[in-house]
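Listing of protein-v7.tsv, TSV, C-alpha atoms and all ligand atoms
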chain	number	residue	atom	x	y	z
A	1	MET	CA	0.00	0.00	0.00
A	2	PRO	CA	1.54	3.38	-0.93
A	3	GLU	CA	2.45	5.43	2.13
A	4	GLY	CA	0.55	8.68	2.57
A	5	ALA	CA	-2.00	7.76	-0.11
A	6	ASP	CA	-5.49	9.21	0.38
A	7	SER	CA	-8.37	6.81	0.92
A	8	GLU	CA	-9.36	6.75	-2.77
A	9	GLU	CA	-5.84	5.73	-3.73
A	10	GLN	CA	-5.91	3.11	-0.99
A	11	VAL	CA	-9.13	1.60	-2.34
A	12	LEU	CA	-7.57	1.50	-5.80
A	13	ALA	CA	-4.35	-0.02	-4.46
A	14	PHE	CA	-6.34	-2.70	-2.64
A	15	LEU	CA	-8.23	-3.62	-5.82
A	16	ALA	CA	-5.04	-3.52	-7.92
A	17	GLU	CA	-3.24	-5.85	-5.49
A	18	ALA	CA	-6.09	-8.36	-5.80
A	19	GLY	CA	-5.54	-8.57	-9.58
A	20	ASP	CA	-8.36	-10.61	-11.17
A	21	GLU	CA	-9.85	-11.59	-7.80
A	22	VAL	CA	-13.12	-10.16	-6.50
A	23	VAL	CA	-12.67	-8.31	-3.18
A	24	SER	CA	-15.58	-7.89	-0.80
A	25	GLY	CA	-16.67	-4.40	0.22
A	26	GLU	CA	-16.38	-5.61	3.81
A	27	ALA	CA	-12.73	-6.63	3.38
A	28	ILE	CA	-11.92	-3.21	1.92
A	29	SER	CA	-13.73	-1.30	4.66
A	30	ASP	CA	-12.16	-3.45	7.44
A	31	LYS	CA	-8.66	-3.13	6.05
A	32	LEU	CA	-8.83	0.61	5.37
A	33	GLY	CA	-11.05	1.62	8.28
A	34	LEU	CA	-13.71	3.10	5.97
A	35	SER	CA	-17.49	2.74	6.06
A	36	ARG	CA	-19.10	0.60	3.31
A	37	ALA	CA	-20.75	3.79	2.00
A	38	ALA	CA	-17.34	5.48	1.74
A	39	VAL	CA	-15.93	2.50	-0.20
A	40	TRP	CA	-18.87	2.70	-2.62
A	41	LYS	CA	-18.37	6.46	-3.00
A	42	HIS	CA	-14.69	5.91	-3.94
A	43	VAL	CA	-15.60	3.15	-6.40
A	44	ARG	CA	-18.07	5.51	-8.12
A	45	SER	CA	-15.52	8.31	-8.22
A	46	LEU	CA	-12.85	5.99	-9.69
A	47	ARG	CA	-15.30	4.82	-12.35
A	48	ALA	CA	-15.98	8.45	-13.27
A	49	GLN	CA	-12.22	8.84	-13.85
A	50	GLY	CA	-12.14	5.95	-16.32
A	51	TYR	CA	-11.41	2.92	-14.11
A	52	ARG	CA	-13.54	-0.08	-15.02
A	53	ILE	CA	-14.59	-1.68	-11.75
A	54	ASP	CA	-17.13	-4.51	-11.74
A	55	ALA	CA	-19.55	-4.76	-8.83
A	56	VAL	CA	-20.22	-8.49	-8.52
A	57	PRO	CA	-23.55	-9.04	-6.66
A	58	ALA	CA	-23.11	-10.50	-3.17
A	59	ARG	CA	-19.33	-10.81	-3.67
A	60	GLY	CA	-17.70	-7.41	-4.06
A	61	TYR	CA	-15.56	-5.45	-6.52
A	62	ARG	CA	-13.06	-6.35	-9.22
A	63	LEU	CA	-10.73	-3.96	-11.07
A	64	ARG	CA	-11.04	-4.70	-14.80
A	65	GLU	CA	-9.23	-1.85	-16.53
A	66	ILE	CA	-7.18	1.18	-15.61
A	67	PRO	CA	-7.18	4.31	-17.82
A	68	ASP	CA	-4.25	4.73	-20.16
A	69	ARG	CA	-2.70	7.59	-18.19
A	70	LEU	CA	0.61	7.99	-16.41
A	71	GLY	CA	-0.59	9.90	-13.37
A	72	PRO	CA	0.03	9.25	-9.69
A	73	LEU	CA	-3.39	7.66	-9.29
A	74	GLU	CA	-2.60	5.09	-11.99
A	75	LEU	CA	1.02	4.48	-11.03
A	76	ARG	CA	1.13	4.51	-7.23
A	77	PRO	CA	-1.13	1.52	-6.62
A	78	LEU	CA	1.02	-0.54	-8.99
A	79	LEU	CA	4.38	0.26	-7.41
A	80	ASN	CA	5.89	-2.33	-5.12
A	81	THR	CA	9.31	-0.72	-4.89
A	82	HIS	CA	10.98	0.60	-1.74
A	83	ASP	CA	12.69	3.68	-3.30
A	84	MET	CA	12.16	3.85	-7.02
A	85	GLY	CA	9.18	6.11	-7.81
A	86	GLN	CA	8.09	6.44	-4.18
A	87	THR	CA	8.38	10.19	-4.79
A	88	LEU	CA	6.78	10.68	-8.16
A	89	HIS	CA	6.21	13.84	-10.25
A	90	CYS	CA	3.80	13.38	-13.16
A	91	PHE	CA	3.22	15.97	-15.91
A	92	GLU	CA	0.91	16.24	-18.88
A	93	GLU	CA	3.63	18.23	-20.67
A	94	ILE	CA	7.17	19.20	-19.79
A	95	ALA	CA	10.24	20.34	-21.72
A	96	SER	CA	12.32	17.32	-20.62
A	97	THR	CA	11.85	15.00	-17.64
A	98	SER	CA	15.64	14.87	-17.31
A	99	ASP	CA	15.96	18.66	-17.05
A	100	LEU	CA	13.54	18.69	-14.12
A	101	ALA	CA	15.12	15.61	-12.50
A	102	LYS	CA	18.52	17.35	-12.64
A	103	GLU	CA	17.06	20.43	-10.94
A	104	LEU	CA	15.46	18.24	-8.26
A	105	ALA	CA	18.76	16.40	-7.77
A	106	GLU	CA	20.58	19.72	-7.33
A	107	GLN	CA	17.99	20.66	-4.68
A	108	GLY	CA	18.65	17.41	-2.78
A	109	ALA	CA	16.11	14.91	-4.18
A	110	PRO	CA	16.69	11.45	-2.69
A	111	HIS	CA	17.62	8.25	-4.50
A	112	GLY	CA	14.62	6.96	-6.47
A	113	GLU	CA	12.77	10.25	-7.05
A	114	VAL	CA	11.13	9.97	-10.48
A	115	VAL	CA	9.71	12.38	-13.08
A	116	VAL	CA	7.29	11.09	-15.74
A	117	ALA	CA	5.53	13.03	-18.52
A	118	GLU	CA	2.87	12.30	-21.12
A	119	ARG	CA	4.69	14.54	-23.61
A	120	GLN	CA	8.04	16.32	-23.88
A	121	THR	CA	8.47	19.48	-25.90
A	122	ALA	CA	12.29	19.36	-25.80
A	123	GLY	CA	13.06	15.65	-25.25
A	124	ARG	CA	16.81	15.04	-25.50
A	125	GLY	CA	18.76	12.04	-26.69
A	126	ARG	CA	22.49	11.39	-26.47
A	127	ARG	CA	24.92	13.78	-28.13
A	128	GLY	CA	22.38	16.61	-28.27
A	129	ARG	CA	20.01	14.71	-30.55
A	130	PRO	CA	16.26	15.36	-30.14
A	131	TRP	CA	14.09	12.56	-28.71
A	132	GLU	CA	10.67	12.24	-30.39
A	133	SER	CA	8.10	12.52	-27.59
A	134	PRO	CA	4.53	12.40	-28.96
A	135	PRO	CA	1.75	12.71	-26.35
A	136	ARG	CA	0.20	9.75	-24.49
A	137	LYS	CA	1.89	7.07	-26.54
A	138	ASN	CA	5.15	6.24	-24.85
A	139	LEU	CA	7.13	6.43	-21.66
A	140	TYR	CA	9.39	9.40	-20.84
A	141	LEU	CA	10.87	8.91	-17.40
A	142	SER	CA	13.86	10.24	-15.45
A	143	ALA	CA	15.09	8.85	-12.14
A	144	VAL	CA	17.46	10.46	-9.64
A	145	LEU	CA	20.11	8.06	-8.28
A	146	ARG	CA	22.52	8.58	-5.38
A	147	PRO	CA	25.02	5.79	-5.98
A	148	GLU	CA	27.96	5.18	-3.70
A	149	LEU	CA	30.43	4.90	-6.54
A	150	PRO	CA	33.58	6.65	-7.67
A	151	PRO	CA	32.89	8.66	-10.86
A	152	ARG	CA	34.99	6.30	-13.01
A	153	ARG	CA	32.41	3.56	-12.29
A	154	ALA	CA	29.34	5.69	-13.17
A	155	PRO	CA	29.12	4.32	-16.76
A	156	GLU	CA	28.22	0.94	-15.21
A	157	LEU	CA	24.83	2.45	-14.32
A	158	THR	CA	23.90	2.90	-17.97
A	159	LEU	CA	24.46	-0.82	-18.48
A	160	VAL	CA	22.41	-1.63	-15.37
A	161	ALA	CA	19.56	0.53	-16.69
A	162	ALA	CA	19.77	-1.11	-20.13
A	163	ILE	CA	19.33	-4.55	-18.52
A	164	ALA	CA	16.29	-3.29	-16.57
A	165	VAL	CA	14.68	-1.79	-19.71
A	166	CYS	CA	15.43	-4.95	-21.70
A	167	GLU	CA	13.83	-7.12	-18.98
A	168	ALA	CA	10.70	-4.94	-18.80
A	169	CYS	CA	10.34	-5.26	-22.61
A	170	ARG	CA	10.79	-9.03	-22.37
A	171	GLN	CA	8.11	-9.19	-19.65
A	172	ALA	CA	5.86	-7.44	-22.20
A	173	ARG	CA	6.66	-10.44	-24.46
A	174	VAL	CA	8.97	-8.64	-26.88
A	175	ASP	CA	12.29	-10.30	-27.65
A	176	ALA	CA	14.51	-7.31	-26.81
A	177	GLY	CA	18.31	-7.10	-26.75
A	178	ILE	CA	20.88	-4.46	-25.78
A	179	LYS	CA	23.03	-2.54	-28.20
A	180	TRP	CA	26.07	-1.16	-26.41
A	181	PRO	CA	25.89	0.94	-24.39
A	182	ASN	CA	22.41	2.31	-24.03
A	183	ASP	CA	19.96	1.24	-26.71
A	184	VAL	CA	17.39	-1.50	-26.44
A	185	LEU	CA	16.48	-3.09	-29.76
A	186	ALA	CA	13.90	-5.46	-31.17
A	187	GLY	CA	15.59	-7.11	-34.15
A	188	GLU	CA	17.59	-4.31	-35.75
A	189	ARG	CA	15.26	-1.49	-34.65
A	190	LYS	CA	15.42	0.78	-31.63
A	191	LEU	CA	12.77	0.40	-28.93
A	192	ALA	CA	14.31	2.47	-26.16
A	193	GLY	CA	17.20	4.76	-25.28
A	194	ILE	CA	18.89	5.82	-22.07
A	195	LEU	CA	20.57	9.15	-21.36
A	196	THR	CA	22.81	9.16	-18.29
A	197	GLU	CA	23.83	12.51	-16.78
A	198	LEU	CA	25.69	13.15	-13.55
A	199	ALA	CA	27.37	15.61	-11.23
A	200	ALA	CA	30.53	14.50	-9.50
A	201	GLU	CA	33.75	15.64	-7.91
A	202	PRO	CA	37.00	13.69	-8.36
A	203	ASP	CA	36.20	10.95	-5.85
A	204	ALA	CA	32.42	11.04	-5.39
A	205	VAL	CA	29.28	11.07	-7.50
A	206	HIS	CA	26.73	13.59	-6.19
A	207	TRP	CA	23.84	12.40	-8.31
A	208	VAL	CA	23.04	10.56	-11.51
A	209	VAL	CA	19.92	11.15	-13.60
A	210	LEU	CA	18.86	8.22	-15.75
A	211	GLY	CA	16.59	9.46	-18.56
A	212	ILE	CA	14.71	6.59	-20.16
A	213	GLY	CA	12.54	6.80	-23.27
A	214	VAL	CA	10.64	3.67	-24.36
A	215	ASN	CA	8.51	3.50	-27.49
A	216	LEU	CA	5.43	1.75	-26.15
A	217	ASN	CA	2.36	2.36	-28.30
A	218	THR	CA	3.80	4.32	-31.23
A	219	GLU	CA	2.43	3.16	-34.58
A	220	PRO	CA	4.53	3.26	-37.77
A	221	GLU	CA	2.85	6.47	-39.02
A	222	ASP	CA	3.65	8.23	-35.69
A	223	PHE	CA	7.39	8.08	-36.41
A	224	PRO	CA	8.86	10.86	-38.55
A	225	PRO	CA	9.82	9.45	-41.98
A	226	GLU	CA	13.55	9.51	-41.18
A	227	LEU	CA	13.05	7.15	-38.20
A	228	ARG	CA	10.64	4.65	-39.78
A	229	ALA	CA	13.33	2.25	-40.93
A	230	THR	CA	15.26	2.27	-37.67
A	231	ALA	CA	12.72	2.68	-34.85
A	232	THR	CA	9.99	0.42	-33.50
A	233	SER	CA	7.67	0.12	-30.50
A	234	LEU	CA	6.39	-2.63	-28.24
A	235	ARG	CA	2.98	-2.26	-29.87
A	236	ILE	CA	4.40	-2.77	-33.35
A	237	GLU	CA	6.45	-5.77	-32.23
A	238	ARG	CA	3.73	-7.60	-30.30
A	239	GLY	CA	0.75	-6.50	-32.39
A	240	GLN	CA	-1.22	-5.15	-29.43
A	241	PRO	CA	-1.05	-2.07	-27.22
A	242	VAL	CA	0.85	-2.06	-23.95
A	243	PRO	CA	-0.84	-0.91	-20.71
A	244	ARG	CA	1.56	1.98	-20.06
A	245	ALA	CA	1.09	2.24	-16.29
A	246	LEU	CA	1.77	-1.48	-15.86
A	247	PHE	CA	4.87	-1.22	-18.03
A	248	THR	CA	6.13	1.77	-16.04
A	249	ALA	CA	5.65	-0.02	-12.72
A	250	ALA	CA	7.39	-3.13	-14.08
A	251	LEU	CA	10.30	-1.01	-15.32
A	252	LEU	CA	10.74	0.72	-11.95
A	253	THR	CA	10.72	-2.68	-10.20
A	254	GLN	CA	13.37	-4.00	-12.60
A	255	LEU	CA	15.45	-0.85	-12.21
A	256	GLU	CA	15.41	-1.13	-8.43
A	257	GLN	CA	16.25	-4.85	-8.47
A	258	TRP	CA	19.19	-4.47	-10.87
A	259	LEU	CA	20.53	-1.37	-9.08
A	260	ASP	CA	20.37	-3.28	-5.78
A	261	ARG	CA	22.16	-6.22	-7.35
A	262	HIS	CA	24.86	-3.90	-8.71
A	263	ALA	CA	25.31	-2.30	-5.28
A	264	GLU	CA	25.47	-5.67	-3.49
A	265	GLU	CA	27.35	-7.90	-5.93
A	266	GLY	CA	29.35	-5.38	-7.96
A	267	PHE	CA	29.85	-5.10	-11.70
A	268	GLY	CA	30.69	-8.79	-12.26
A	269	ALA	CA	27.05	-9.89	-11.93
A	270	ILE	CA	25.91	-7.05	-14.19
A	271	ARG	CA	28.51	-7.88	-16.80
A	272	ASP	CA	27.25	-11.48	-17.04
A	273	ALA	CA	23.60	-10.36	-17.22
A	274	TRP	CA	24.48	-7.81	-19.90
A	275	ARG	CA	26.33	-10.41	-21.98
A	276	GLU	CA	23.28	-12.72	-21.84
A	277	ARG	CA	21.02	-9.95	-23.19
A	278	SER	CA	23.46	-8.42	-25.65
A	279	ALA	CA	22.44	-7.70	-29.25
A	280	THR	CA	26.00	-6.47	-29.90
A	281	LEU	CA	28.47	-9.24	-29.09
A	282	GLY	CA	29.53	-11.30	-32.08
A	283	ARG	CA	28.34	-8.61	-34.50
A	284	GLU	CA	30.34	-6.64	-37.04
A	285	VAL	CA	30.41	-3.07	-35.80
A	286	ARG	CA	31.72	0.37	-36.75
A	287	VAL	CA	33.07	2.34	-33.77
A	288	GLU	CA	34.51	5.80	-33.30
A	289	VAL	CA	38.13	5.79	-32.22
A	290	ASP	CA	40.40	8.84	-31.92
A	291	GLY	CA	38.14	10.96	-34.14
A	292	GLY	CA	38.05	8.31	-36.88
A	293	GLU	CA	36.01	5.15	-37.57
A	294	VAL	CA	37.11	1.55	-37.24
A	295	ASP	CA	35.28	-1.62	-38.37
A	296	GLY	CA	35.65	-4.82	-36.38
A	297	VAL	CA	33.82	-7.51	-34.43
A	298	ALA	CA	32.35	-6.80	-30.98
A	299	GLU	CA	33.96	-9.47	-28.80
A	300	ASP	CA	33.16	-8.71	-25.18
A	301	LEU	CA	32.41	-6.23	-22.42
A	302	ASP	CA	35.49	-5.52	-20.31
A	303	ASP	CA	35.52	-5.18	-16.52
A	304	SER	CA	34.98	-1.41	-16.77
A	305	GLY	CA	31.94	-1.74	-19.06
A	306	ALA	CA	33.84	-0.78	-22.24
A	307	LEU	CA	33.10	-2.68	-25.46
A	308	VAL	CA	35.99	-4.81	-26.68
A	309	VAL	CA	36.25	-4.75	-30.49
A	310	ARG	CA	38.66	-6.91	-32.50
A	311	ALA	CA	39.83	-4.97	-35.56
A	312	GLY	CA	42.57	-6.61	-37.61
A	313	GLY	CA	45.10	-7.81	-35.07
A	314	ARG	CA	44.08	-5.25	-32.43
A	315	ARG	CA	41.67	-5.41	-29.51
A	316	ILE	CA	40.21	-1.94	-28.97
A	317	HIS	CA	38.43	-1.01	-25.73
A	318	VAL	CA	35.69	1.49	-26.61
A	319	SER	CA	34.42	3.39	-23.59
A	320	ALA	CA	32.40	6.17	-25.27
A	321	GLY	CA	30.74	7.10	-28.54
A	322	ASP	CA	28.36	5.47	-30.96
A	323	VAL	CA	28.45	1.92	-32.21
A	324	ARG	CA	26.87	1.03	-35.56
A	325	LEU	CA	25.79	-2.56	-36.18
A	326	LEU	CA	26.96	-3.23	-39.71
A	327	ARG	CA	25.25	-6.23	-41.22
A	328	PRO	CA	21.78	-7.41	-40.21
A	329	ARG	CA	21.93	-10.87	-38.64
B	401	LIG	C1	19.17	8.13	-26.66
B	401	LIG	O1	18.98	7.01	-27.11
B	401	LIG	O2	19.77	8.98	-27.33
B	401	LIG	C2	18.70	8.47	-25.27
B	401	LIG	C3	17.26	8.89	-25.27
B	401	LIG	C4	16.75	9.28	-23.89
B	401	LIG	C5	15.34	9.85	-23.95
B	401	LIG	C6	14.76	10.06	-22.59
B	401	LIG	S1	13.00	10.37	-22.61
B	401	LIG	C7	13.04	10.76	-20.93
B	401	LIG	C8	14.30	11.57	-20.69
B	401	LIG	N1	14.07	12.98	-20.97
B	401	LIG	C9	14.79	13.41	-22.00
B	401	LIG	O3	14.77	14.57	-22.45
B	401	LIG	N2	15.53	12.42	-22.49
B	401	LIG	C10	15.34	11.19	-21.74
The structure given in the file should be rewritten as structure tokens.
Ligand code: BTN
Amino acid sequence: MPEGADSEEQVLAFLAEAGDEVVSGEAISDKLGLSRAAVWKHVRSLRAQGYRIDAVPARGYRLREIPDRLGPLELRPLLNTHDMGQTLHCFEEIASTSDLAKELAEQGAPHGEVVVAERQTAGRGRRGRPWESPPRKNLYLSAVLRPELPPRRAPELTLVAAIAVCEACRQARVDAGIKWPNDVLAGERKLAGILTELAAEPDAVHWVVLGIGVNLNTEPEDFPPELRATATSLRIERGQPVPRALFTAALLTQLEQWLDRHAEEGFGAIRDAWRERSATLGREVRVEVDGGEVDGVAEDLDDSGALVVRAGGRRIHVSAGDVRLLRPR
């Protein structure tokens, strides 16, 4: 049950926890200390906001459908995390969730504070590229992290986040893989991207903001023509829309679990998990090295998270920049 939630949220959380089960009005009123009339009033109010709640005669209530919105009312009841998203800021429109998350981090936001928006007017990708952010279709989310890591290990967090995004996509039954360092692909097309930003001094990271964009319900015609050949969405891949609030909650759970694992077991466990989900290893790639481009085969991830590429007789450790997958599998 979310802490500090008002009684309407608590009724919703109770129904959401029960999944497909019918819950009696009596059980809800006993558990939440509300009168039966108050429970009924909240059920009516939730219905008016787009929740489909069945009233099963002589048995109780069952939550059938939640509205396709990413607001606190939709997300909070679905969150079973201890930190991630427990403080949640939801916007109908914002310039960039990462810009706000950075401001919040500067003002002292704790680990796990999250910003989500239905639309971004200035969504940013890596290397100053724009990130297409049409309204109410996808997920645009930024999370503040307070890792206890030296700055040289901060790039590991991008790989941790990529595993979490990949897992959430797989839970939505899409066969996703990771392209080093921060893209999640279905086949050869991009489903999701991660933008990692941080503030640090020489031996301590103050904060990290993970900005995550996942194409959930975009349809082919929603992509600008220049992206149609290279981008995809979960909806396109699985042939049916994704409940966005459920996906968001699943992603935050994955993120928390993989970050915890990284903190407890170190990078070794992450490296193995990344290798298992890689869409990069074994592929012919083009990488940027010393201002030029080199073609080779992606062989491994090294113990700092850099991509190891064999080019001619050399093994190059690539720790930054873009990687292009050369030939489709
Ligand atoms: C990339 O692949 O280049 C990274 C894309 C990151 C996009 C996300 S959407 C949420 C957050 N807010 C932003 O402005 N960017 C990130």
- Message: With distances taken over all atoms listed in the file, which residue among A:Thr232, A:Arg327, A:Val214, A:Val297 lies nearest A:Arg315?
- Response: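 Closest residue, counting all atoms listed in the file: A:Val297.
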- Check every protein, DNA and RNA residue against ligand LIG 401 (chain B), keep those with an atom at most 8 Å away (counting all atoms listed in the file), and present them as a ChimeraX atom specification. /A:95-99,116,120,122-127,129-131,133,139-142,182-183,192-195,210-214
- Task: Calculate how many Å separate atom CA of A:Val208 from atom CA of A:Ala298, rounding to one decimal.
- Result: 27.7 Å
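In this comparison, which uses only C-alpha atoms, the residue of A:Glu65, A:Glu188, A:Glu113, A:Glu92 approaching A:Glu256 most closely is A:Glu113.
Put simply, atom CA of A:Thr81 is 13.9 Å away from atom CA of A:Phe247.
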- Message: At a cut-off of 9 Å, using only C-alpha atoms, what residues contact A:Ser278? Leave out same-chain residues fewer than 5 positions from it and give the result as number ranges by chain.
- Response: A: 177-180, 273
- Item | Point-to-point distance in Å for atom CA of A:Ser319 and atom CA of A:Val285 | 14.4 Å
- Task: May I have the residues within 10 Å of A:Glu26 as an MDAnalysis selection string, using all atoms listed in the file and disregarding those fewer than 4 positions away in the same chain?
- Result: chainID A and resid 30:32 34:36 39 59:60
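Nearest residue to A:Arg153, choosing from A:His82, A:His42, A:His262, A:Arg277 and counting all atoms listed in the file: A:His262.
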- Rank nothing, just name the residue among A:Glu197, A:Asp260, A:Glu276, A:Glu93 nearest to A:Glu167, using all atoms listed in the file.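 Among the listed residues, the smallest separation from A:Glu167 belongs to A:Glu276.
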Surrounding residues of stretch 8-14 of chain A excluding itself and chain neighbours under 3 positions, 8 Å, only C-alpha atoms, as a tab-separated table (two decimals) with C-alpha atoms, in the frame of the given file:
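Written output follows (part.tsv):
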chain	number	residue	atom	x	y	z
A	1	MET	CA	0.00	0.00	0.00
A	2	PRO	CA	1.54	3.38	-0.93
A	5	ALA	CA	-2.00	7.76	-0.11
A	17	GLU	CA	-3.24	-5.85	-5.49
A	18	ALA	CA	-6.09	-8.36	-5.80
A	28	ILE	CA	-11.92	-3.21	1.92
A	32	LEU	CA	-8.83	0.61	5.37
A	39	VAL	CA	-15.93	2.50	-0.20
A	42	HIS	CA	-14.69	5.91	-3.94
A	43	VAL	CA	-15.60	3.15	-6.40
A	46	LEU	CA	-12.85	5.99	-9.69
A	73	LEU	CA	-3.39	7.66	-9.29
A	76	ARG	CA	1.13	4.51	-7.23
A	77	PRO	CA	-1.13	1.52	-6.62
A	78	LEU	CA	1.02	-0.54	-8.99
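Counting all atoms listed in the file and comparing A:Arg261, A:Arg271, A:Ala58, A:Arg189, the residue that lies closest to A:Ala229 is A:Arg189.
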- Query: Between A:Arg136, A:Arg152, A:Arg283, A:Arg52, which one has atoms that come closest to A:Leu326, using all atoms listed in the file?
  - Reply: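 For A:Leu326, the nearest of the candidates is A:Arg283.
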- Task: Please provide as a list in words all residues within 12 Å of A:His317, with the sequence filter that same-chain residues fewer than 6 positions apart are discarded (counting all atoms listed in the file).
- Result: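 So, after excluding close chain neighbours, the residues are Val287, Glu288, Val289, Asp290, Val294, Gly296, Val297, Ala298, Glu299, Asp300, Leu301, Asp302, Asp303, Ser304, Gly305, Ala306, Leu307, Val308, Val309, Arg310 and Ala311 of chain A.
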Report as CSV: every residue of stretch 157-275 of chain A with an atom at most 10 Å from stretch 107-111 of chain A, its closest pair of atoms, and their distance in Å to one decimal, counting all atoms listed in the file, with rows sorted by chain and ascending residue number.
residue,atom,partner,partner_atom,distance
A:His206,CA,A:Gly108,CA,9.6
A:Trp207,CA,A:His111,CA,8.4
A:Val208,CA,A:His111,CA,9.2
A:Val209,CA,A:His111,CA,9.8
